[in-house]
file work.cif (mmCIF, C-alpha atoms)
data_final
loop_
_atom_site.label_atom_id
_atom_site.label_comp_id
_atom_site.auth_asym_id
_atom_site.auth_seq_id
_atom_site.Cartn_x
_atom_site.Cartn_y
_atom_site.Cartn_z
CA MET D 1 0.00 0.00 0.00
CA ILE D 2 2.82 2.30 0.89
CA ALA D 3 4.69 1.32 -2.23
CA LEU D 4 1.84 2.78 -4.30
CA ALA D 5 2.88 6.22 -3.24
CA LEU D 6 6.37 5.85 -4.55
CA PRO D 7 7.48 7.21 -7.95
CA ALA D 8 9.71 4.27 -8.80
CA GLN D 9 7.91 2.01 -11.25
CA ASP D 10 8.11 3.91 -14.50
CA SER D 11 11.84 4.51 -14.93
CA GLY D 12 14.66 2.16 -15.73
CA THR D 13 16.74 3.05 -12.68
CA PHE D 14 15.74 2.41 -9.07
CA THR D 15 15.27 5.48 -6.90
CA PRO D 16 14.86 4.33 -3.28
CA PRO D 17 12.29 6.23 -1.22
CA GLY D 18 13.70 8.66 1.29
CA ILE D 19 12.69 10.59 4.35
CA ASP D 20 10.51 12.86 2.26
CA GLN D 21 8.20 9.97 1.55
CA MET D 22 7.60 9.45 5.27
CA HIS D 23 4.86 12.05 5.15
CA LEU D 24 1.59 10.67 3.90
CA PRO D 25 -0.98 13.13 2.65
CA ALA D 26 -3.40 14.42 5.24
CA ILE D 27 -6.68 12.59 5.68
CA LEU D 28 -8.42 15.85 6.39
CA PRO D 29 -6.36 18.85 5.29
CA TRP D 30 -6.81 22.12 7.09
CA GLY D 31 -4.87 25.32 7.54
CA ALA D 32 -1.37 25.84 6.30
CA SER D 33 0.00 22.74 7.94
CA ASP D 34 -0.37 19.10 6.99
CA GLY D 35 -3.84 18.85 8.45
CA PHE D 36 -5.18 15.79 10.14
CA SER D 37 -2.66 13.05 9.38
CA LYS D 38 -2.76 9.28 9.62
CA GLN D 39 -0.47 9.46 12.65
CA MET D 40 -2.96 11.57 14.54
CA LEU D 41 -5.74 9.15 13.79
CA LEU D 42 -3.57 6.26 14.93
CA VAL D 43 -2.60 8.00 18.16
CA ILE D 44 -6.25 8.63 19.01
CA LEU D 45 -7.09 5.07 18.06
CA SER D 46 -4.32 3.80 20.37
CA VAL D 47 -5.80 5.71 23.30
CA VAL D 48 -9.21 4.17 22.65
CA LEU D 49 -7.73 0.69 22.22
CA ILE D 50 -5.59 0.75 25.35
CA ALA D 51 -8.20 2.34 27.56
CA SER D 52 -10.99 0.01 26.46
CA PHE D 53 -8.83 -3.10 26.71
CA PHE D 54 -7.61 -2.44 30.22
CA ILE D 55 -10.91 -1.17 31.54
CA ALA D 56 -12.59 -4.28 30.15
CA ALA D 57 -9.87 -6.47 31.68
CA ALA D 58 -9.89 -4.80 35.09
CA ARG D 59 -13.61 -4.23 35.46
CA LYS D 60 -14.67 -7.66 36.68
CA GLN D 61 -12.18 -7.74 39.56
CA GLN D 62 -12.53 -11.44 40.20
CA LEU D 63 -10.19 -13.16 42.61
CA VAL D 64 -9.81 -15.99 40.14
CA PRO D 65 -9.34 -14.12 36.86
CA GLY D 66 -10.80 -15.05 33.50
CA LYS D 67 -8.71 -15.02 30.33
CA LEU D 68 -9.15 -11.33 29.59
CA GLN D 69 -8.55 -10.27 33.16
CA PHE D 70 -5.53 -12.53 33.37
CA ALA D 71 -4.04 -11.01 30.23
CA GLY D 72 -4.66 -7.52 31.58
CA GLU D 73 -3.14 -8.41 34.93
CA MET D 74 -0.09 -9.93 33.26
CA ALA D 75 0.44 -6.77 31.23
CA TYR D 76 -0.17 -4.48 34.18
CA GLY D 77 1.92 -6.64 36.49
CA PHE D 78 4.79 -6.58 34.03
CA VAL D 79 5.08 -2.78 34.15
CA ARG D 80 4.24 -2.64 37.84
CA ASN D 81 6.67 -5.29 39.04
CA SER D 82 9.34 -5.76 36.39
CA ILE D 83 9.84 -2.07 35.70
CA ALA D 84 8.48 0.14 38.47
CA LYS D 85 9.09 -2.09 41.49
CA ASP D 86 12.45 -3.46 40.39
CA ILE D 87 13.92 -0.11 39.38
CA ILE D 88 12.33 2.44 41.70
CA GLY D 89 12.15 0.19 44.71
CA GLY D 90 9.67 -1.16 47.20
CA ARG D 91 8.57 1.88 49.13
CA ASP D 92 7.38 4.59 46.78
CA PHE D 93 7.18 2.99 43.36
CA MET D 94 3.35 2.85 43.37
CA LYS D 95 3.11 6.60 42.71
CA TYR D 96 4.89 6.23 39.37
CA VAL D 97 3.20 3.07 38.14
CA PRO D 98 0.42 4.93 36.26
CA LEU D 99 2.91 7.07 34.33
CA LEU D 100 5.16 4.13 33.45
CA PHE D 101 2.18 1.95 32.58
CA THR D 102 0.69 4.59 30.30
CA LEU D 103 4.04 5.29 28.65
CA PHE D 104 4.75 1.63 27.99
CA PHE D 105 1.44 0.74 26.42
CA PHE D 106 1.03 4.04 24.60
CA ILE D 107 4.41 3.57 22.92
CA LEU D 108 3.95 -0.18 22.46
CA VAL D 109 0.64 0.11 20.64
CA ASN D 110 1.81 3.04 18.54
CA ASN D 111 4.94 1.11 17.57
CA ILE D 112 3.13 -2.14 16.85
CA TYR D 113 1.06 -0.27 14.27
CA GLY D 114 4.15 -0.54 12.10
CA ALA D 115 3.96 -4.32 12.11
CA ILE D 116 0.25 -4.53 11.32
CA PRO D 117 -0.48 -4.82 7.60
CA VAL D 118 -2.56 -2.01 6.07
CA ILE D 119 -1.89 0.27 9.06
CA GLN D 120 1.88 -0.23 8.69
CA LEU D 121 2.85 3.07 10.25
CA PRO D 122 4.49 3.46 13.66
CA SER D 123 3.24 6.77 15.05
CA PHE D 124 6.68 7.70 16.35
CA SER D 125 8.23 7.57 12.91
CA HIS D 126 7.37 11.26 13.13
CA VAL D 127 9.53 12.96 15.69
CA GLY D 128 6.86 15.16 17.30
CA GLY D 129 5.32 12.44 19.47
CA ALA D 130 8.71 11.28 20.71
CA TYR D 131 9.60 14.87 21.68
CA VAL D 132 6.36 15.21 23.60
CA LEU D 133 6.81 12.01 25.59
CA ALA D 134 10.47 12.71 26.34
CA ALA D 135 9.53 16.20 27.47
CA VAL D 136 6.82 14.85 29.76
CA VAL D 137 9.35 12.49 31.31
CA TYR D 138 12.01 15.23 31.53
CA VAL D 139 9.69 17.59 33.38
CA THR D 140 8.52 14.74 35.61
CA TRP D 141 11.90 13.58 36.85
CA ILE D 142 13.26 17.07 37.36
CA GLY D 143 10.08 17.92 39.24
CA ILE D 144 10.48 14.82 41.42
CA GLY D 145 14.11 15.73 42.11
CA ILE D 146 13.24 19.28 43.17
CA LYS D 147 10.29 18.16 45.25
CA LYS D 148 12.42 15.58 47.03
CA ASN D 149 15.64 17.54 47.56
CA GLY D 150 14.76 21.18 46.93
CA LEU D 151 17.07 23.26 44.76
CA LYS D 152 19.96 21.29 46.23
CA TYR D 153 18.86 18.63 43.76
CA PHE D 154 20.77 20.30 40.92
CA LYS D 155 23.95 20.16 42.99
CA LEU D 156 23.32 16.52 43.87
CA ALA D 157 22.63 15.66 40.24
CA THR D 158 25.70 17.38 38.83
CA VAL D 159 28.37 17.13 41.53
CA PRO D 160 29.18 13.49 42.14
CA SER D 161 30.31 12.70 45.66
CA GLY D 162 33.71 11.20 46.31
CA VAL D 163 35.39 12.95 43.38
CA PRO D 164 38.60 14.90 44.11
CA TRP D 165 38.03 18.66 43.91
CA PHE D 166 40.50 19.25 41.08
CA ILE D 167 38.56 16.91 38.76
CA LEU D 168 35.27 18.65 39.49
CA PRO D 169 35.73 21.39 36.84
CA ILE D 170 35.78 18.63 34.25
CA VAL D 171 33.17 16.35 35.77
CA VAL D 172 30.51 18.95 36.57
CA PRO D 173 30.09 20.24 32.99
CA ILE D 174 30.02 16.67 31.73
CA GLU D 175 27.33 15.79 34.24
CA ILE D 176 25.29 18.88 33.36
CA ILE D 177 25.49 18.12 29.67
CA SER D 178 24.81 14.40 29.99
CA ASN D 179 22.01 14.66 32.55
CA PHE D 180 20.15 17.79 31.59
CA LEU D 181 20.89 18.37 27.92
CA VAL D 182 21.68 15.09 26.21
CA ARG D 183 19.36 12.86 28.20
CA PRO D 184 16.01 14.13 26.85
CA VAL D 185 17.42 14.32 23.32
CA THR D 186 18.66 10.73 23.31
CA HIS D 187 15.51 9.63 25.08
CA SER D 188 13.28 10.96 22.33
CA LEU D 189 15.54 10.37 19.31
CA ARG D 190 16.20 6.74 20.23
CA LEU D 191 12.52 5.99 19.89
CA PHE D 192 11.97 8.15 16.83
CA ALA D 193 15.08 6.98 14.96
CA THR D 194 14.43 3.27 15.40
CA MET D 195 10.83 3.65 14.34
CA MET D 196 11.68 5.82 11.36
CA ALA D 197 14.48 3.51 10.24
CA GLY D 198 12.22 0.51 10.53
CA HIS D 199 9.52 2.21 8.56
CA LEU D 200 12.04 3.30 5.93
CA ILE D 201 13.33 -0.25 5.55
CA VAL D 202 9.81 -1.51 4.98
CA MET D 203 9.26 1.21 2.39
CA ILE D 204 12.51 0.52 0.59
CA ALA D 205 11.88 -3.20 0.56
CA GLY D 206 8.37 -2.64 -0.72
CA SER D 207 9.42 -0.33 -3.50
CA GLY D 208 12.40 -2.56 -4.35
CA ILE D 209 10.14 -5.57 -4.75
CA GLU D 210 7.77 -3.55 -6.90
CA PHE D 211 10.63 -2.29 -9.06
CA LEU D 212 12.03 -5.77 -9.61
CA VAL D 213 8.66 -7.29 -10.42
CA MET D 214 8.09 -4.60 -13.08
CA GLN D 215 11.31 -5.51 -14.92
CA GLU D 216 11.15 -7.28 -18.32
CA ASN D 217 14.04 -9.60 -17.45
CA VAL D 218 12.79 -12.84 -15.84
CA LEU D 219 15.87 -13.22 -13.64
CA LEU D 220 15.40 -9.74 -12.24
CA LYS D 221 11.73 -10.52 -11.69
CA GLY D 222 12.75 -13.65 -9.79
CA ALA D 223 15.24 -11.72 -7.69
CA SER D 224 12.29 -9.98 -6.07
CA VAL D 225 11.76 -13.18 -4.07
CA LEU D 226 15.16 -12.62 -2.42
CA VAL D 227 14.17 -9.09 -1.50
CA LEU D 228 10.89 -10.40 -0.13
CA ALA D 229 12.74 -12.93 2.06
CA GLY D 230 15.00 -10.18 3.34
CA ALA D 231 12.04 -7.93 3.92
CA ILE D 232 10.30 -10.61 6.00
CA ALA D 233 13.43 -11.06 8.12
CA MET D 234 13.63 -7.30 8.61
CA TYR D 235 9.94 -7.24 9.45
CA MET D 236 10.54 -9.76 12.26
CA LEU D 237 13.47 -7.72 13.52
CA GLU D 238 11.41 -4.56 13.40
CA ALA D 239 8.59 -6.17 15.34
CA LEU D 240 11.13 -7.07 18.02
CA ILE D 241 12.55 -3.56 18.04
CA MET D 242 9.08 -2.04 18.36
CA VAL D 243 8.44 -3.94 21.57
CA LEU D 244 11.99 -3.40 22.77
CA GLN D 245 11.88 0.35 22.27
CA ALA D 246 8.67 0.67 24.25
CA TYR D 247 10.38 -1.28 27.02
CA VAL D 248 13.60 0.74 26.79
CA PHE D 249 11.78 4.06 26.86
CA THR D 250 9.78 3.04 29.95
CA LEU D 251 12.81 1.49 31.64
CA LEU D 252 14.85 4.66 31.12
CA THR D 253 11.97 6.71 32.52
CA ALA D 254 11.99 4.52 35.62
CA ILE D 255 15.75 4.87 35.94
CA TYR D 256 15.55 8.67 35.63
CA ILE D 257 12.80 8.83 38.26
CA GLU D 258 14.79 6.57 40.57
CA GLY D 259 17.85 8.75 40.07
CA ALA D 260 15.85 11.86 40.96
CA LEU D 261 14.28 10.20 44.01
CA HIS D 262 17.57 8.99 45.41
CA ALA D 263 19.84 11.76 44.17
CA ASP D 264 21.45 12.06 47.59
CA SER D 265 22.68 8.48 47.57
CA HIS D 266 24.17 8.46 44.07
CA MET G 1 -5.47 8.87 -7.30
CA ASN G 2 -1.92 7.74 -7.60
CA GLN G 3 -1.01 11.07 -9.13
CA GLN G 4 -2.64 12.94 -6.30
CA ILE G 5 -0.78 10.92 -3.69
CA ILE G 6 2.54 11.52 -5.37
CA SER G 7 2.00 15.24 -5.58
CA ALA G 8 0.92 15.39 -1.96
CA ALA G 9 3.99 13.45 -0.93
CA ALA G 10 6.14 15.80 -2.90
CA GLN G 11 4.43 18.77 -1.32
CA GLY G 12 5.07 17.29 2.14
CA ALA G 13 8.68 16.75 1.19
CA ALA G 14 9.09 20.34 0.15
CA GLU G 15 7.69 21.55 3.44
CA SER G 16 9.74 19.47 5.86
CA ALA G 17 12.81 17.77 4.58
CA ASN G 18 14.42 17.73 8.02
CA PRO G 19 13.01 14.75 9.91
CA LEU G 20 13.95 16.26 13.28
CA LEU G 21 11.53 19.16 12.90
CA PRO G 22 8.25 18.17 14.50
CA ASN G 23 4.77 18.88 13.30
CA PRO G 24 3.13 20.94 16.09
CA TRP G 25 -0.32 19.51 15.39
CA GLU G 26 0.97 16.01 15.81
CA MET G 27 2.71 16.99 19.00
CA GLY G 28 -0.56 18.40 20.25
CA VAL G 29 -2.47 15.25 19.38
CA VAL G 30 0.13 13.01 21.01
CA PHE G 31 0.16 15.17 24.11
CA ALA G 32 -3.62 15.26 24.35
CA GLY G 33 -3.90 11.53 23.67
CA PHE G 34 -1.25 10.73 26.23
CA ALA G 35 -2.87 13.00 28.82
CA VAL G 36 -6.28 11.43 28.29
CA LEU G 37 -4.83 7.94 28.53
CA LEU G 38 -2.85 8.84 31.64
CA TYR G 39 -6.00 10.26 33.23
CA ILE G 40 -7.94 7.07 32.46
CA VAL G 41 -5.11 4.93 33.81
CA VAL G 42 -4.76 6.95 37.01
CA LYS G 43 -8.49 7.19 37.55
CA PHE G 44 -9.68 3.71 36.60
CA VAL G 45 -7.16 1.14 35.43
CA VAL G 46 -4.58 1.25 38.21
CA PRO G 47 -7.06 1.48 41.11
CA MET G 48 -9.09 -1.41 39.73
CA PHE G 49 -6.06 -3.64 39.25
CA GLU G 50 -4.61 -2.68 42.61
CA LYS G 51 -7.92 -3.37 44.31
CA THR G 52 -8.06 -6.82 42.74
CA PHE G 53 -4.46 -7.51 43.74
CA ALA G 54 -5.10 -6.37 47.30
CA GLU G 55 -8.24 -8.48 47.57
CA ARG G 56 -6.43 -11.49 46.20
CA ALA G 57 -3.49 -11.00 48.55
CA GLU G 58 -5.91 -10.64 51.43
CA ALA G 59 -7.77 -13.79 50.43
CA ILE G 60 -4.54 -15.75 50.22
CA GLU G 61 -3.13 -14.34 53.44
CA GLY G 62 -6.49 -14.91 55.16
CA GLY G 63 -6.36 -18.53 54.05
CA ILE G 64 -2.83 -18.88 55.34
CA ALA G 65 -3.77 -17.30 58.64
CA LYS G 66 -6.71 -19.68 58.96
CA ALA G 67 -4.50 -22.65 58.25
CA GLU G 68 -1.96 -21.45 60.78
CA LYS G 69 -4.67 -21.03 63.39
CA ALA G 70 -5.97 -24.52 62.71
CA GLN G 71 -2.48 -25.92 63.03
CA ALA G 72 -1.92 -24.08 66.30
CA GLU G 73 -5.18 -25.46 67.62
CA ALA G 74 -4.27 -28.96 66.56
CA SER G 75 -0.87 -28.77 68.21
CA ALA G 76 -2.44 -27.35 71.37
CA ALA G 77 -4.89 -30.26 71.44
CA LEU G 78 -2.04 -32.70 70.91
CA GLU G 79 -0.14 -31.09 73.76
CA GLU G 80 -3.19 -31.37 75.95
CA TYR G 81 -3.64 -35.04 75.10
CA LYS G 82 0.02 -35.71 75.80
CA GLN G 83 -0.32 -33.95 79.13
CA GLN G 84 -3.41 -35.96 79.97
CA LEU G 85 -1.68 -39.17 78.99
CA HIS G 86 1.27 -38.25 81.15
CA ASP G 87 -1.02 -37.43 84.06
CA ALA G 88 -2.88 -40.69 83.61
CA ARG G 89 0.38 -42.63 83.61
CA ALA G 90 1.49 -40.89 86.77
CA GLU G 91 -1.88 -41.57 88.34
CA ALA G 92 -1.67 -45.25 87.42
CA ASN G 93 1.82 -45.46 88.84
CA ARG G 94 0.72 -43.81 92.01
CA ILE G 95 -2.25 -46.17 92.38
CA ARG G 96 -0.01 -49.16 91.73
CA GLU G 97 2.45 -47.98 94.36
CA GLU G 98 -0.33 -47.40 96.85
CA ALA G 99 -1.77 -50.84 96.19
CA ARG G 100 1.61 -52.42 96.67
CA ALA G 101 2.17 -50.56 99.92
CA GLU G 102 -1.32 -51.44 101.09
CA GLY G 103 -0.78 -55.07 100.20
CA ALA G 104 2.48 -55.15 102.11
CA GLN G 105 0.77 -53.56 105.10
CA ILE G 106 -2.09 -56.04 104.95
CA LEU G 107 0.38 -58.88 104.73
CA ALA G 108 2.33 -57.58 107.73
CA GLU G 109 -0.89 -57.13 109.72
CA LEU G 110 -1.99 -60.63 108.86
CA LYS G 111 1.39 -61.99 109.87
CA THR G 112 1.21 -60.19 113.20
CA LYS G 113 -2.33 -61.36 113.72
CA ALA G 114 -1.43 -64.92 112.88
CA ALA G 115 1.58 -64.81 115.19
CA ALA G 116 -0.58 -63.47 118.01
CA GLU G 117 -3.23 -66.07 117.33
CA SER G 118 -0.72 -68.86 117.37
CA ALA G 119 0.81 -67.48 120.55
CA ARG G 120 -2.61 -67.32 122.10
CA ILE G 121 -3.44 -70.86 121.05
CA THR G 122 -0.12 -72.11 122.42
CA GLU G 123 -0.74 -70.23 125.66
CA GLN G 124 -4.19 -71.74 125.97
CA ALA G 125 -2.83 -75.18 125.29
CA HIS G 126 -0.18 -74.71 127.92
CA ALA G 127 -2.73 -73.54 130.44
CA GLN G 128 -5.03 -76.44 129.66
CA ILE G 129 -2.20 -78.92 129.91
CA GLU G 130 -1.15 -77.38 133.22
CA SER G 131 -4.66 -77.51 134.64
CA GLU G 132 -5.16 -81.07 133.43
CA ARG G 133 -1.86 -82.01 135.01
CA GLN G 134 -2.98 -80.42 138.27
CA ALA G 135 -6.30 -82.23 138.02
CA ALA G 136 -4.48 -85.45 137.27
CA VAL G 137 -2.12 -84.86 140.18
CA VAL G 138 -5.05 -84.19 142.53
CA ALA G 139 -6.96 -87.19 141.23
CA LEU G 140 -3.95 -89.38 141.43
CA ARG G 141 -3.12 -88.18 144.93
CA SER G 142 -6.57 -89.15 146.25
CA GLU G 143 -6.81 -92.33 144.19
CA VAL G 144 -3.28 -93.44 145.00
CA GLY G 145 -4.10 -92.85 148.70
CA THR G 146 -7.27 -94.85 148.42
CA LEU G 147 -5.60 -97.63 146.51
CA ALA G 148 -2.64 -97.73 148.89
CA THR G 149 -4.97 -97.70 151.89
CA THR G 150 -7.07 -100.44 150.45
CA LEU G 151 -3.93 -102.41 149.68
CA ALA G 152 -2.51 -101.78 153.19
CA GLU G 153 -5.90 -102.65 154.79
CA ARG G 154 -5.90 -105.85 152.94
CA ILE G 155 -2.28 -106.57 153.99
CA VAL G 156 -2.32 -105.27 157.57
CA GLY G 157 -5.94 -106.12 158.47
CA GLU G 158 -9.00 -104.47 159.91
CA SER G 159 -7.12 -102.47 162.67
CA LEU G 160 -5.74 -100.08 160.28
CA SER G 161 -9.17 -98.96 159.12
CA ASP G 162 -9.12 -96.15 161.63
CA ASP G 163 -9.30 -93.05 159.33
CA GLU G 164 -7.20 -90.68 161.29
CA ARG G 165 -4.21 -92.94 161.53
CA ALA G 166 -4.50 -94.10 157.96
CA ALA G 167 -4.47 -90.45 156.67
CA ARG G 168 -1.32 -89.75 158.63
CA VAL G 169 0.39 -92.77 157.24
CA VAL G 170 -0.57 -91.92 153.66
CA ASP G 171 0.60 -88.31 153.94
CA ARG G 172 3.91 -89.36 155.31
CA PHE G 173 4.22 -91.85 152.53
CA LEU G 174 3.44 -89.24 149.82
CA ALA G 175 5.85 -86.73 151.31
CA ASP G 176 8.53 -89.32 151.12
CA LEU G 177 7.57 -89.96 147.50
CA GLU G 178 7.78 -86.25 146.71
CA THR G 179 11.19 -85.83 148.24
CA GLN G 180 12.30 -88.83 146.33
CA SER G 181 11.00 -87.52 142.99
CA ALA G 182 12.41 -84.09 143.77
CA GLY G 183 15.76 -85.66 144.44
CA ALA G 184 15.52 -87.62 141.22
CA ALA G 185 14.59 -84.46 139.32
CA LYS G 186 17.64 -82.81 140.72
#
call {"tool": "encode", "arguments": {"input": "work.cif", "output": "structure tokens"}}
result
Amino acid sequence: MIALALPAQDSGTFTPPGIDQMHLPAILPWGASDGFSKQMLLVILSVVLIASFFIAAARKQQLVPGKLQFAGEMAYGFVRNSIAKDIIGGRDFMKYVPLLFTLFFFILVNNIYGAIPVIQLPSFSHVGGAYVLAAVVYVTWIGIGIKKNGLKYFKLATVPSGVPWFILPIVVPIEIISNFLVRPVTHSLRLFATMMAGHLIVMIAGSGIEFLVMQENVLLKGASVLVLAGAIAMYMLEALIMVLQAYVFTLLTAIYIEGALHADSH
Amino acid sequence: MNQQIISAAAQGAAESANPLLPNPWEMGVVFAGFAVLLYIVVKFVVPMFEKTFAERAEAIEGGIAKAEKAQAEASAALEEYKQQLHDARAEANRIREEARAEGAQILAELKTKAAAESARITEQAHAQIESERQAAVVALRSEVGTLATTLAERIVGESLSDDERAARVVDRFLADLETQSAGAAK
């Protein structure tokens, strides 16, 4: 479906699709901007899907869960215990479970879109969403740090204890840059870049197959099977990365929150 | 349609070639979507799951507590039975000891009684023998006198039938006998 949008089939040479082709036309154009895009629709759909699934799973509240409730509890318990409890620790992790839970499933569903035929578009292949989520996390952990330690938090976060004073002029700028400047950028770009690259690979494979199939030469036509096999392998890898990135993003959020909570002991 | 898509894609490409520049509308939608989802999770999903977890934990812990209580009761009962058994054994021992002591006492009493009885019987026998001997001695004394007198009367004749003289003769005779027997006894 995506391959249809690519201007590759009529010429003799293969022009691979690039970043410019990442932007599908708006479903409902308005204003000067791109209008209502497919990503926006998918994001809204993800909210509806996640909310309805978990409310349906949690609503019955039976002591011996049914299949749906069990699945919901497994998913919830994974974020609650394997991420929040293990990273943040036993005493005050419960406060951050909702944020981590929402982040994980919001990103997971929006990534998995890329592996579903016809939809085939991870929402975070556009950088805006990744910026928003990273910013939410950035504001959250700095807020937690200030609330917990006051303004002393910035000293705790940038001046590591146990370092000789003459190294501090080197260490403090590095800490400031790595903690407060680079962290949100890597946090958002990691998600965006993997999703965009995955989407790009799918597009290139799709257009490559189309190009080869259109060739007169039978051997070249047959070579499209090889590209298809490679594309399937990449598809599997991408599916793995989609899940992994949702996990990594949430895990890093938990680590940042834990670092802000226990800044005095780091 | 194909043509339209291509031109739209090209138009999009012209607008934002740099993939790091975000679309503000998309950012807004993601932020709004995330906020709504977070609200739903905070308000409904997490409390409902946590409530279920808490209830389940309570049910399991309640069951464990019940089992522990039952076990404690059972062990208390066992302890009580053991105590009772112990008491009963001690009681039985005590009774056995008492019975043995009582038996020994009864036996001793009986022995004493029997000894006394036998002593009494012996005493009585002695007394009877003594009295019979006396009686025999008295009877013999008179009979021997009579016999001797009769014999002497027959030998000496009618003159000796005078009572007074005869009694004197017999007494003297018996006294002589007694001294003789006393001398022999010595």
call {"tool": "closest_residue", "arguments": {"input": "work.cif", "among": "G:Ala90, G:Ala59, G:Ala152, G:Ala166", "to": "chain D", "atoms": "only C-alpha atoms"}}
result
G:Ala59
call {"tool": "residues_around", "arguments": {"input": "work.cif", "residues": "Ala167 of chain G", "least_positions_apart": "6", "cutoff": "10 Å", "atoms": "only C-alpha atoms", "output": "MDAnalysis selection string"}}
result
chainID G and resid 145:146 149 173
call {"tool": "residues_around", "arguments": {"input": "work.cif", "residues": "Val159 of chain D", "least_positions_apart": "3", "cutoff": "10 Å", "atoms": "all atoms listed in the file", "output": "VMD selection string"}}
result
chain D and resid 153 to 156 162 to 163 168 to 169 171 to 176 266
call {"tool": "resolve_selection", "arguments": {"input": "work.cif", "expression": "the PyMOL selection byres ((chain G and resi 31) around 12)", "output": "PyMOL selection string"}}
result
(chain D and resi 40+43-44+47+103+106+128-137) or (chain G and resi 24-30+32-38)
call {"tool": "closest_residue", "arguments": {"input": "work.cif", "among": "D:Thr253, D:Leu42, D:Ala193, D:Ala263", "to": "Ala84 of chain D", "atoms": "all atoms listed in the file"}}
result
D:Thr253
call {"tool": "resolve_selection", "arguments": {"input": "work.cif", "expression": "the PyMOL selection byres ((chain G and resi 52) around 12)", "output": "list of chain:residue names"}}
result
D:Ala57, D:Ala58, D:Arg59, D:Lys60, D:Gln61, D:Gln62, D:Leu63, D:Val64, D:Pro65, D:Gln69, D:Phe70, D:Gly72, D:Glu73, D:Tyr76, D:Gly77, G:Val45, G:Val46, G:Pro47, G:Met48, G:Phe49, G:Glu50, G:Lys51, G:Phe53, G:Ala54, G:Glu55, G:Arg56, G:Ala57, G:Glu58, G:Ala59
call {"tool": "resolve_selection", "arguments": {"input": "work.cif", "expression": "the PyMOL selection byres ((chain D and resi 108) around 8)", "output": "MDAnalysis selection string"}}
result
chainID D and resid 104:107 109:112 242:243 245:247
call {"tool": "closest_residue", "arguments": {"input": "work.cif", "among": "D:Val218, D:Ile116, D:Ile88, D:Leu252", "to": "Ala239 of chain D", "atoms": "only C-alpha atoms"}}
result
D:Ile116
call {"tool": "closest_residue", "arguments": {"input": "work.cif", "among": "D:Ile209, D:Ile55, D:Ile177, D:Val118", "to": "chain G", "atoms": "all atoms listed in the file"}}
result
D:Ile55
call {"tool": "axis_aligned_box", "arguments": {"input": "work.cif", "around": "segment 78-82 of chain D", "padding_each_side": "5 Å", "output": "lines of an AutoDock Vina configuration file"}}
result
center_x = 6.8
center_y = -4.6
center_z = 36.5
size_x = 15.1
size_y = 13.9
size_z = 15.0
